[in-house]
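File shown here: start_5.tsv, holding TSV, C-alpha atoms.
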chain	number	residue	atom	x	y	z
A	1493	MET	CA	194.58	99.30	239.51
A	1494	LEU	CA	197.13	96.52	239.18
A	1495	LYS	CA	196.15	93.96	236.56
A	1496	ILE	CA	197.27	90.33	236.63
A	1497	TYR	CA	197.09	88.09	233.58
A	1498	GLU	CA	196.74	84.48	234.66
A	1499	PHE	CA	195.10	81.14	234.07
A	1500	GLN	CA	193.62	79.64	237.20
A	1501	GLY	CA	194.68	76.15	238.14
A	1502	PHE	CA	198.21	76.57	236.82
A	1503	PRO	CA	200.96	76.61	239.44
A	1504	ASN	CA	202.78	79.83	238.49
A	1505	PRO	CA	199.67	82.05	238.51
A	1506	GLU	CA	198.79	80.39	241.81
A	1507	ARG	CA	202.09	81.62	243.28
A	1508	VAL	CA	201.04	85.21	242.64
A	1509	ARG	CA	197.58	84.64	244.17
A	1510	LEU	CA	199.22	83.12	247.25
A	1511	ALA	CA	201.61	86.07	247.57
A	1512	LEU	CA	198.65	88.45	247.33
A	1513	ALA	CA	196.72	86.39	249.91
A	1514	GLU	CA	199.66	86.61	252.30
A	1515	LYS	CA	199.84	90.40	251.73
A	1516	ARG	CA	196.02	90.62	252.26
A	1517	ALA	CA	195.92	92.33	248.85
A	1518	LEU	CA	193.77	90.12	246.63
A	1519	ASP	CA	191.20	92.93	246.37
A	1520	LEU	CA	193.83	95.42	245.16
A	1521	VAL	CA	194.24	93.74	241.78
A	1522	THR	CA	192.10	92.87	238.76
A	1523	PHE	CA	192.58	89.39	237.35
A	1524	VAL	CA	192.41	88.86	233.60
A	1525	SER	CA	192.15	85.27	232.37
A	1526	VAL	CA	194.36	84.25	229.43
A	1527	ASN	CA	193.14	80.99	227.92
A	1528	VAL	CA	196.46	79.14	227.74
A	1529	PRO	CA	195.03	75.73	226.76
A	1530	ALA	CA	193.46	77.48	223.75
A	1531	GLY	CA	196.79	79.15	222.91
A	1532	GLU	CA	195.75	82.72	223.79
A	1533	HIS	CA	199.17	83.30	225.41
A	1534	ARG	CA	200.66	83.12	221.91
A	1535	ASP	CA	198.34	85.71	220.37
A	1536	ALA	CA	200.05	88.90	219.20
A	1537	ALA	CA	198.06	90.95	221.73
A	1538	PHE	CA	199.44	89.01	224.67
A	1539	LEU	CA	202.97	88.65	223.24
A	1540	ALA	CA	203.07	92.45	223.03
A	1541	LYS	CA	202.65	92.45	226.81
A	1542	ASN	CA	204.88	89.49	227.63
A	1543	PRO	CA	207.19	88.40	224.79
A	1544	SER	CA	207.89	85.20	226.73
A	1545	GLY	CA	204.24	84.25	226.17
A	1546	ALA	CA	203.64	83.04	229.70
A	1547	VAL	CA	201.32	83.75	232.60
A	1548	PRO	CA	201.33	85.23	235.16
A	1549	ALA	CA	202.15	88.79	234.11
A	1550	LEU	CA	201.53	91.94	236.13
A	1551	GLU	CA	200.54	95.19	234.41
A	1552	LEU	CA	201.17	98.40	236.31
A	1553	ASP	CA	199.06	101.55	235.98
A	1554	ASP	CA	201.68	103.07	233.65
A	1555	GLY	CA	201.44	100.10	231.29
A	1556	THR	CA	204.71	98.46	232.35
A	1557	VAL	CA	204.38	94.68	232.27
A	1558	ILE	CA	206.30	92.55	234.76
A	1559	ALA	CA	206.62	88.84	234.00
A	1560	GLU	CA	208.22	86.01	235.99
A	1561	CYS	CA	206.95	85.11	239.46
A	1562	THR	CA	210.03	86.25	241.38
A	1563	ALA	CA	209.92	89.65	239.69
A	1564	ILE	CA	206.17	90.03	240.28
A	1565	THR	CA	206.60	89.08	243.93
A	1566	GLU	CA	209.45	91.60	244.31
A	1567	TYR	CA	207.11	94.29	242.98
A	1568	LEU	CA	204.15	93.36	245.18
A	1569	ASP	CA	206.36	92.96	248.24
A	1570	HIS	CA	207.94	96.41	247.88
A	1571	ALA	CA	204.83	98.27	246.70
A	1572	LEU	CA	202.24	96.88	249.13
A	1573	PRO	CA	202.01	96.74	252.94
A	1574	GLY	CA	201.83	93.44	254.83
A	1575	PRO	CA	204.33	90.75	255.86
A	1576	ARG	CA	207.61	90.67	253.92
A	1577	LEU	CA	207.97	87.79	251.46
A	1578	THR	CA	211.43	88.67	250.10
A	1579	GLY	CA	213.28	89.50	253.35
A	1580	GLU	CA	214.57	92.67	254.96
A	1581	THR	CA	218.30	92.29	255.56
A	1582	ALA	CA	220.97	91.37	253.02
A	1583	LYS	CA	221.26	87.90	254.56
A	1584	GLU	CA	217.51	87.28	254.63
A	1585	ARG	CA	217.16	88.43	251.03
A	1586	ALA	CA	220.03	86.18	249.94
A	1587	ILE	CA	218.72	83.07	251.68
A	1588	ILE	CA	215.20	83.63	250.33
A	1589	HIS	CA	216.43	84.11	246.75
A	1590	MET	CA	218.67	81.03	247.05
A	1591	MET	CA	215.78	78.89	248.26
A	1592	GLN	CA	213.43	80.40	245.68
A	1593	ARG	CA	215.79	79.35	242.90
A	1594	ARG	CA	216.16	75.87	244.38
A	1595	ALA	CA	212.38	75.56	244.74
A	1596	GLU	CA	212.08	76.37	241.05
A	1597	GLN	CA	214.96	74.31	239.70
A	1598	ARG	CA	214.62	71.28	241.93
A	1599	LEU	CA	210.82	71.17	242.28
A	1600	LEU	CA	208.41	73.36	240.33
A	1601	ASP	CA	210.29	73.83	237.05
A	1602	ALA	CA	211.33	70.17	237.15
A	1603	ALA	CA	207.71	69.03	237.63
A	1604	THR	CA	206.60	71.44	234.90
A	1605	SER	CA	209.19	70.01	232.50
A	1606	TYR	CA	207.96	66.51	233.30
A	1607	PHE	CA	204.41	67.64	232.50
A	1608	HIS	CA	205.29	69.33	229.21
A	1609	HIS	CA	207.75	66.71	227.96
A	1610	ALA	CA	206.83	63.29	229.34
A	1611	THR	CA	203.03	63.58	229.40
A	1612	ALA	CA	200.59	64.93	226.81
A	1613	GLY	CA	201.03	68.30	228.52
A	1614	LEU	CA	198.72	70.92	227.04
A	1615	GLY	CA	198.20	68.89	223.87
A	1616	PRO	CA	199.84	68.79	220.43
A	1617	ALA	CA	198.75	72.31	219.37
A	1618	ILE	CA	200.58	73.88	222.35
A	1619	GLU	CA	203.46	71.46	222.94
A	1620	ARG	CA	205.58	72.24	219.90
A	1621	TYR	CA	208.68	70.44	221.17
A	1622	GLN	CA	208.63	67.43	223.44
A	1623	ASN	CA	211.53	65.35	224.71
A	1624	ALA	CA	210.20	62.44	226.77
A	1625	ALA	CA	213.62	61.39	228.08
A	1626	TRP	CA	214.22	64.93	229.33
A	1627	GLY	CA	210.78	64.93	230.98
A	1628	GLU	CA	211.53	61.67	232.79
A	1629	HIS	CA	214.89	63.02	233.91
A	1630	GLN	CA	213.20	66.12	235.29
A	1631	LYS	CA	210.65	63.94	237.08
A	1632	ALA	CA	213.58	62.30	238.90
A	1633	VAL	CA	214.92	65.79	239.72
A	1634	ALA	CA	211.55	66.78	241.20
A	1635	LEU	CA	211.29	63.60	243.28
A	1636	ASP	CA	214.79	64.22	244.61
A	1637	GLY	CA	213.75	67.82	245.30
A	1638	LEU	CA	211.04	66.52	247.65
A	1639	ARG	CA	213.73	64.67	249.60
A	1640	TYR	CA	215.86	67.83	249.71
A	1641	PHE	CA	213.09	70.10	250.97
A	1642	ASN	CA	212.00	67.55	253.56
A	1643	GLY	CA	215.55	67.77	254.88
A	1644	VAL	CA	215.47	71.56	254.86
A	1645	LEU	CA	212.19	71.57	256.79
A	1646	ALA	CA	213.64	69.21	259.37
A	1647	GLU	CA	215.98	72.06	260.31
A	1648	THR	CA	213.89	75.23	259.98
A	1649	PRO	CA	210.15	75.98	260.35
A	1650	PHE	CA	209.94	77.53	256.88
A	1651	VAL	CA	211.85	76.95	253.66
A	1652	ALA	CA	214.13	79.98	254.07
A	1653	GLY	CA	214.20	80.31	257.85
A	1654	GLY	CA	211.85	81.42	260.61
A	1655	ALA	CA	209.12	83.14	258.58
A	1656	LEU	CA	207.08	82.33	255.49
A	1657	SER	CA	208.67	83.73	252.31
A	1658	MET	CA	208.16	83.52	248.57
A	1659	ALA	CA	210.23	80.32	248.62
A	1660	ASP	CA	207.54	78.63	250.76
A	1661	ILE	CA	204.94	79.75	248.25
A	1662	THR	CA	206.92	78.17	245.42
A	1663	VAL	CA	207.36	74.86	247.25
A	1664	PHE	CA	203.66	74.90	248.23
A	1665	ALA	CA	202.49	75.49	244.65
A	1666	ALA	CA	204.95	72.84	243.43
A	1667	LEU	CA	203.63	70.26	245.92
A	1668	ARG	CA	200.06	70.90	244.82
A	1669	PHE	CA	201.07	70.55	241.15
A	1670	ILE	CA	203.05	67.38	241.86
A	1671	SER	CA	199.94	65.98	243.50
A	1672	VAL	CA	197.80	66.95	240.47
A	1673	LEU	CA	200.31	65.17	238.24
A	1674	GLY	CA	199.96	62.03	240.34
A	1675	LEU	CA	203.64	61.86	241.23
A	1676	PRO	CA	204.38	60.08	244.50
A	1677	VAL	CA	205.21	62.06	247.66
A	1678	SER	CA	206.54	59.56	250.18
A	1679	ASP	CA	204.89	59.43	253.62
A	1680	ASP	CA	208.44	59.38	254.97
A	1681	TYR	CA	208.76	63.09	254.18
A	1682	ARG	CA	207.02	63.97	257.44
A	1683	HIS	CA	208.63	67.39	257.85
A	1684	LEU	CA	207.45	68.34	254.38
A	1685	HIS	CA	203.93	67.05	255.06
A	1686	ALA	CA	203.69	68.82	258.44
A	1687	TRP	CA	204.87	72.11	256.90
A	1688	ASN	CA	202.44	71.68	253.97
A	1689	LYS	CA	199.52	71.15	256.35
A	1690	ALA	CA	200.44	74.23	258.38
A	1691	VAL	CA	200.83	76.42	255.28
A	1692	ALA	CA	197.53	75.17	253.79
A	1693	ALA	CA	195.78	76.47	256.94
A	1694	ARG	CA	196.80	80.07	256.22
A	1695	PRO	CA	194.06	82.36	254.87
A	1696	GLY	CA	193.85	82.06	251.09
A	1697	PHE	CA	196.03	78.94	250.88
A	1698	SER	CA	193.38	76.21	250.97
A	1699	SER	CA	192.30	75.14	247.49
B	1286	MET	CA	236.09	88.25	255.42
B	1287	LEU	CA	233.64	87.10	252.78
B	1288	LYS	CA	234.75	83.92	251.03
B	1289	ILE	CA	233.75	82.98	247.50
B	1290	TYR	CA	234.06	79.44	246.17
B	1291	GLU	CA	234.50	79.51	242.42
B	1292	PHE	CA	236.25	78.10	239.38
B	1293	GLN	CA	237.71	80.76	237.14
B	1294	GLY	CA	236.73	80.70	233.50
B	1295	PHE	CA	233.20	79.42	234.19
B	1296	PRO	CA	230.41	81.88	233.45
B	1297	ASN	CA	228.52	81.77	236.76
B	1298	PRO	CA	231.55	82.49	238.95
B	1299	GLU	CA	232.40	85.25	236.49
B	1300	ARG	CA	229.04	86.90	237.20
B	1301	VAL	CA	229.98	87.27	240.86
B	1302	ARG	CA	233.41	88.69	239.98
B	1303	LEU	CA	231.77	91.22	237.64
B	1304	ALA	CA	229.27	92.22	240.35
B	1305	LEU	CA	232.17	92.73	242.77
B	1306	ALA	CA	234.10	94.72	240.15
B	1307	GLU	CA	231.10	97.00	239.64
B	1308	LYS	CA	230.81	97.45	243.44
B	1309	ARG	CA	234.59	98.14	243.62
B	1310	ALA	CA	234.74	95.32	246.17
B	1311	LEU	CA	236.99	92.65	244.69
B	1312	ASP	CA	239.49	93.23	247.52
B	1313	LEU	CA	236.83	92.66	250.20
B	1314	VAL	CA	236.56	88.93	249.46
B	1315	THR	CA	238.78	85.86	249.49
B	1316	PHE	CA	238.45	83.56	246.50
B	1317	VAL	CA	238.72	79.80	247.01
B	1318	SER	CA	239.12	77.66	243.91
B	1319	VAL	CA	237.01	74.49	243.64
B	1320	ASN	CA	238.37	72.19	240.95
B	1321	VAL	CA	235.12	71.43	239.14
B	1322	PRO	CA	236.68	69.62	236.14
B	1323	ALA	CA	238.27	67.23	238.69
B	1324	GLY	CA	234.93	66.77	240.44
B	1325	GLU	CA	235.81	68.60	243.66
B	1326	HIS	CA	232.36	70.22	243.70
B	1327	ARG	CA	230.93	66.75	244.45
B	1328	ASP	CA	233.21	66.04	247.42
B	1329	ALA	CA	231.42	65.73	250.76
B	1330	ALA	CA	233.29	68.77	252.10
B	1331	PHE	CA	231.90	71.04	249.40
B	1332	LEU	CA	228.42	69.46	249.35
B	1333	ALA	CA	228.20	70.27	253.07
B	1334	LYS	CA	228.56	73.92	252.06
B	1335	ASN	CA	226.38	73.85	248.93
B	1336	PRO	CA	224.17	70.76	248.60
B	1337	SER	CA	223.53	71.73	244.97
B	1338	GLY	CA	227.23	71.05	244.31
B	1339	ALA	CA	227.78	74.15	242.19
B	1340	VAL	CA	230.00	77.20	242.15
B	1341	PRO	CA	229.88	80.06	242.89
B	1342	ALA	CA	228.98	79.99	246.58
B	1343	LEU	CA	229.45	82.80	249.09
B	1344	GLU	CA	230.39	82.04	252.71
B	1345	LEU	CA	229.61	84.71	255.27
B	1346	ASP	CA	231.62	85.29	258.44
B	1347	ASP	CA	229.01	83.38	260.49
B	1348	GLY	CA	229.40	80.31	258.27
B	1349	THR	CA	226.15	80.80	256.32
B	1350	VAL	CA	226.62	79.73	252.70
B	1351	ILE	CA	224.69	81.49	249.93
B	1352	ALA	CA	224.51	79.76	246.55
B	1353	GLU	CA	222.94	80.86	243.25
B	1354	CYS	CA	224.15	84.00	241.48
B	1355	THR	CA	221.00	86.05	241.99
B	1356	ALA	CA	221.05	85.34	245.72
B	1357	ILE	CA	224.76	86.13	246.02
B	1358	THR	CA	224.27	89.38	244.11
B	1359	GLU	CA	221.35	90.34	246.36
B	1360	TYR	CA	223.63	89.86	249.37
B	1361	LEU	CA	226.57	91.81	247.95
B	1362	ASP	CA	224.29	94.58	246.69
B	1363	HIS	CA	222.62	95.11	250.07
B	1364	ALA	CA	225.71	94.57	252.25
B	1365	LEU	CA	228.27	96.62	250.32
B	1366	PRO	CA	228.42	100.25	249.16
B	1367	GLY	CA	228.65	101.16	245.49
B	1368	PRO	CA	226.21	101.38	242.58
B	1369	ARG	CA	222.99	99.38	242.94
B	1370	LEU	CA	222.77	96.24	240.80
B	1371	THR	CA	219.32	95.06	241.94
B	1372	GLY	CA	217.39	98.33	241.82
B	1373	GLU	CA	215.96	100.69	244.42
B	1374	THR	CA	212.22	101.06	243.80
B	1375	ALA	CA	209.63	98.30	243.54
B	1376	LYS	CA	209.41	98.83	239.78
B	1377	GLU	CA	213.19	98.85	239.25
B	1378	ARG	CA	213.59	95.70	241.33
B	1379	ALA	CA	210.81	93.96	239.39
B	1380	ILE	CA	212.17	94.84	235.95
B	1381	ILE	CA	215.70	93.80	236.93
B	1382	HIS	CA	214.53	90.46	238.33
B	1383	MET	CA	212.40	89.85	235.23
B	1384	MET	CA	215.33	90.51	232.92
B	1385	GLN	CA	217.69	88.51	235.12
B	1386	ARG	CA	215.42	85.50	234.82
B	1387	ARG	CA	215.14	85.97	231.05
B	1388	ALA	CA	218.91	86.35	230.74
B	1389	GLU	CA	219.27	83.03	232.53
B	1390	GLN	CA	216.49	81.08	230.83
B	1391	ARG	CA	216.88	82.42	227.32
B	1392	LEU	CA	220.66	82.84	227.20
B	1393	LEU	CA	223.06	81.64	229.90
B	1394	ASP	CA	221.23	78.56	231.18
B	1395	ALA	CA	220.31	77.63	227.61
B	1396	ALA	CA	223.95	77.89	226.46
B	1397	THR	CA	225.05	75.94	229.53
B	1398	SER	CA	222.55	73.18	228.75
B	1399	TYR	CA	223.89	73.04	225.19
B	1400	PHE	CA	227.42	72.68	226.58
B	1401	HIS	CA	226.55	69.94	229.07
B	1402	HIS	CA	224.20	67.97	226.83
B	1403	ALA	CA	225.20	68.41	223.18
B	1404	THR	CA	228.99	68.65	223.53
B	1405	ALA	CA	231.45	66.60	225.58
B	1406	GLY	CA	230.86	69.13	228.36
B	1407	LEU	CA	233.12	68.49	231.34
B	1408	GLY	CA	233.78	64.90	230.24
B	1409	PRO	CA	232.23	61.51	231.04
B	1410	ALA	CA	233.23	61.47	234.72
B	1411	ILE	CA	231.29	64.68	235.41
B	1412	GLU	CA	228.46	64.52	232.86
B	1413	ARG	CA	226.38	61.73	234.38
B	1414	TYR	CA	223.32	62.40	232.23
B	1415	GLN	CA	223.40	63.77	228.72
B	1416	ASN	CA	220.53	64.34	226.29
B	1417	ALA	CA	221.90	65.60	222.99
B	1418	ALA	CA	218.49	66.48	221.52
B	1419	TRP	CA	217.77	68.62	224.59
B	1420	GLY	CA	221.15	70.30	224.23
B	1421	GLU	CA	220.46	71.15	220.59
B	1422	HIS	CA	217.03	72.49	221.50
B	1423	GLN	CA	218.61	74.70	224.17
B	1424	LYS	CA	221.18	75.92	221.63
B	1425	ALA	CA	218.27	77.14	219.49
B	1426	VAL	CA	216.79	78.82	222.59
B	1427	ALA	CA	220.09	80.62	223.25
B	1428	LEU	CA	220.42	81.78	219.63
B	1429	ASP	CA	216.86	83.12	219.79
B	1430	GLY	CA	217.76	84.78	223.08
B	1431	LEU	CA	220.47	86.77	221.26
B	1432	ARG	CA	217.79	88.07	218.90
B	1433	TYR	CA	215.55	88.96	221.86
B	1434	PHE	CA	218.24	90.87	223.77
B	1435	ASN	CA	219.34	92.71	220.64
B	1436	GLY	CA	215.75	93.94	220.42
B	1437	VAL	CA	215.71	94.93	224.09
B	1438	LEU	CA	218.95	96.89	223.65
B	1439	ALA	CA	217.50	98.70	220.64
B	1440	GLU	CA	215.05	100.29	223.09
B	1441	THR	CA	217.07	100.88	226.29
B	1442	PRO	CA	220.77	101.55	226.98
B	1443	PHE	CA	221.00	98.64	229.42
B	1444	VAL	CA	219.19	95.32	229.69
B	1445	ALA	CA	216.81	96.47	232.44
B	1446	GLY	CA	216.64	100.19	231.73
B	1447	GLY	CA	218.89	103.20	232.14
B	1448	ALA	CA	221.61	101.81	234.39
B	1449	LEU	CA	223.74	98.69	234.49
B	1450	SER	CA	222.19	95.94	236.65
B	1451	MET	CA	222.78	92.31	237.47
B	1452	ALA	CA	220.82	91.43	234.33
B	1453	ASP	CA	223.51	93.11	232.19
B	1454	ILE	CA	226.14	91.08	233.99
B	1455	THR	CA	224.27	87.86	233.19
B	1456	VAL	CA	223.90	88.74	229.51
B	1457	PHE	CA	227.57	89.80	229.37
B	1458	ALA	CA	228.79	86.54	230.92
B	1459	ALA	CA	226.46	84.59	228.64
B	1460	LEU	CA	227.79	86.33	225.52
B	1461	ARG	CA	231.36	85.54	226.52
B	1462	PHE	CA	230.45	81.90	227.14
B	1463	ILE	CA	228.56	81.67	223.85
B	1464	SER	CA	231.67	82.96	222.14
B	1465	VAL	CA	233.86	80.37	223.94
B	1466	LEU	CA	231.45	77.66	222.76
B	1467	GLY	CA	231.86	78.87	219.18
B	1468	LEU	CA	228.16	79.58	218.69
B	1469	PRO	CA	227.40	82.22	216.07
B	1470	VAL	CA	226.45	85.76	217.10
B	1471	SER	CA	225.13	87.48	214.00
B	1472	ASP	CA	226.71	90.81	212.99
B	1473	ASP	CA	223.12	91.98	212.48
B	1474	TYR	CA	222.71	92.22	216.24
B	1475	ARG	CA	224.33	95.64	216.27
B	1476	HIS	CA	222.60	96.90	219.42
B	1477	LEU	CA	223.84	93.85	221.30
B	1478	HIS	CA	227.38	94.27	219.95
B	1479	ALA	CA	227.48	98.00	220.76
B	1480	TRP	CA	226.26	97.36	224.31
B	1481	ASN	CA	228.75	94.51	224.73
B	1482	LYS	CA	231.63	96.73	223.67
B	1483	ALA	CA	230.56	99.49	226.07
B	1484	VAL	CA	230.19	97.08	229.00
B	1485	ALA	CA	233.54	95.43	228.26
B	1486	ALA	CA	235.19	98.85	228.71
B	1487	ARG	CA	234.07	99.10	232.35
B	1488	PRO	CA	236.77	98.47	234.99
B	1489	GLY	CA	237.10	94.76	235.71
B	1490	PHE	CA	235.03	93.65	232.72
B	1491	SER	CA	237.73	93.08	230.13
B	1492	SER	CA	238.93	89.47	230.07
Could I get this file's structure written as structure tokens?
Amino acid sequence: MLKIYEFQGFPNPERVRLALAEKRALDLVTFVSVNVPAGEHRDAAFLAKNPSGAVPALELDDGTVIAECTAITEYLDHALPGPRLTGETAKERAIIHMMQRRAEQRLLDAATSYFHHATAGLGPAIERYQNAAWGEHQKAVALDGLRYFNGVLAETPFVAGGALSMADITVFAALRFISVLGLPVSDDYRHLHAWNKAVAARPGFSS
Amino acid sequence: MLKIYEFQGFPNPERVRLALAEKRALDLVTFVSVNVPAGEHRDAAFLAKNPSGAVPALELDDGTVIAECTAITEYLDHALPGPRLTGETAKERAIIHMMQRRAEQRLLDAATSYFHHATAGLGPAIERYQNAAWGEHQKAVALDGLRYFNGVLAETPFVAGGALSMADITVFAALRFISVLGLPVSDDYRHLHAWNKAVAARPGFSS
């Protein structure tokens, strides 16, 4: 059985749960909690599985460990039945991967950098290097990312076109995290809010 | 005909050229130079094509523009004949995407951040925000990435397993850029050096 190492409440593990929900496959995996706030992701046992020391990580039946959300989603999308999250044609695949990268760089990774660098983050035992100015800069990147994705969603029903893809999942998880962080999401971003409401209504997406 | 916006000598455009070389498809595309050091990537005409204002970008015959190296490589790999750079099976795809992300985060993007933040970068007109401490931190990340990939290449002939993939291309372009930046690559990393020499001997890979 597929095994997923995660810590619930964190945005990247949530992306994998949302992908599984969309594939109707949550019952096909076993979840293993890694206590990140206690530093368990830096224990030798976990580093042997994922040398990057991060959750989520997917362990296959043969012991292979896949880290990084895009990689995990590629595996689940090609190994399991259900709606496609990474596209079918060359053009669909390309647009989805482009928007996935933008959703990370301009929204989720930016918000995560703000959290780790310009707030207390996970506390002094975990945050070994902090750079507050970098964190504030990344906060500005994330807030500009909201503006960008509102513009995208003014043009297309989903982030990468006509159907929900892994890029929507990334933006959705980023929006939830941005809300947890207390960063402002302007009411003017009505396309973003309407899309967020519609996505939250999908099975497995409400918190 | 496919059109690729680029600036030669920069590592990310080079990744697309190397992917095309491996697919034996360099003559299937038209290259358009965007003068990044002069700021042309921030002109309205180019931002209309790629709102992220970065090269490379791929323009399809229908006018669709694909940005981000992974997305461009996904398109080329699925639209063109030749050896597969993004894998065939779910597991191959997942491992390649995992290593691609690591090659970016731990090597190429880290070296690029060092360049833009802790050196003069592309000069004051282009570098609107610099954070030298962040750049130095990312330099340390890149140097640790060299150690990591040397360890990977001690175990497998290529970065993501038994065949060359887009992750090898990213590490190769990163190593060349790291060398241009004058950062040290220890002679102790003999697996990395041996792999680099073998990859450089492939058609289209020598500089």
Counting all atoms listed in the file, which residues of chain B fall within 8 Å of chain A, and what is the closest atom pair for each with its distance in Å at one decimal, ordered by chain and rising number, as a tab-separated table?
residue	atom	partner	partner_atom	distance
B:Ile1351	CA	A:Ile1587	CA	6.4
B:Ala1352	CA	A:Met1590	CA	6.0
B:Glu1353	CA	A:Met1590	CA	5.7
B:Thr1355	CA	A:His1589	CA	6.9
B:Ala1356	CA	A:Ala1586	CA	4.4
B:Ile1357	CA	A:Ala1586	CA	6.1
B:Thr1358	CA	A:Ala1586	CA	7.9
B:Glu1359	CA	A:Ala1586	CA	5.6
B:Tyr1360	CA	A:Ala1582	CA	4.8
B:Leu1361	CA	A:Ala1582	CA	7.6
B:Asp1362	CA	A:Ala1582	CA	7.8
B:His1363	CA	A:Ala1582	CA	5.0
B:Ala1364	CA	A:Ala1582	CA	5.8
B:Thr1374	CA	A:His1570	CA	7.5
B:Ala1375	CA	A:Tyr1567	CA	4.8
B:Lys1376	CA	A:Tyr1567	CA	6.0
B:Arg1378	CA	A:Glu1566	CA	6.5
B:Ala1379	CA	A:Ala1563	CA	4.4
B:Ile1380	CA	A:Ile1558	CA	6.4
B:Ile1381	CA	A:Ala1563	CA	7.6
B:His1382	CA	A:Ala1563	CA	4.9
B:Met1383	CA	A:Ala1563	CA	5.1
B:Arg1386	CA	A:Glu1560	CA	7.3
B:Asn1416	CA	A:Trp1626	CA	7.0
B:Ala1418	CA	A:Asn1623	CA	7.7
B:Trp1419	CA	A:Trp1626	CA	7.0
Requested in this report: Rounded to one decimal place, report the atom CA of B:Leu1460-atom CA of B:Leu1392 distance in Å.
Outcome: 8.1 Å
Do you have, as a tab-separated table, the list of residues of stretch 1519-1606 of chain A lying at most 12 Å from stretch 1674-1680 of chain A, each with its nearest atom pair and that distance in Å to one decimal, counting only C-alpha atoms and ordered by chain then number?
residue	atom	partner	partner_atom	distance
A:Leu1599	CA	A:Leu1675	CA	11.8
A:Ala1603	CA	A:Leu1675	CA	9.0
A:Thr1604	CA	A:Leu1675	CA	11.9
A:Tyr1606	CA	A:Leu1675	CA	10.2
So which residues touch A:Ala1610 within 7 Å, counting only C-alpha atoms, skipping near sequence neighbours fewer than 5 positions away, as a compact mmCIF listing (two decimals) with C-alpha atoms, in the coordinates of the input?
# COMPACT_ATOMS: atom_id res chain seq x y z
CA ASN A 1623 211.53 65.35 224.71
CA ALA A 1624 210.20 62.44 226.77
CA GLY A 1627 210.78 64.93 230.98
CA GLU A 1628 211.53 61.67 232.79
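Candidate residues A:Leu1600, A:Ala1549, A:Val1644, A:Ala1690 were compared for distance to A:Arg1668, and the nearest is A:Leu1600, using all atoms listed in the file.
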Query - Near-B:Ala1439 list (9 Å; all atoms listed in the file; drop same-chain fewer than 6 positions) as a VMD selection string - result: chain B and resid 1475 to 1477
**Report entry** Length of the atom CA of B:Ala1479 to atom CA of A:Lys1541 vector [Å]
**Finding:** 26.2 Å
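Closest approach to A:Gly1696 among A:Asp1601, A:Ile1661, A:Gly1555, A:Met1493 is made by A:Ile1661 (distances from only C-alpha atoms).
For the pair atom CA of A:Glu1551 and atom CA of B:Gln1390, the interatomic distance is 21.6 Å.
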Coordinates of box centre and edge lengths for stretch 1601-1604 of chain A, 3 Å on every side, axis-aligned, as JSON:
{"center_x": 209.0, "center_y": 71.4, "center_z": 236.3, "size_x": 10.7, "size_y": 10.8, "size_z": 8.7}
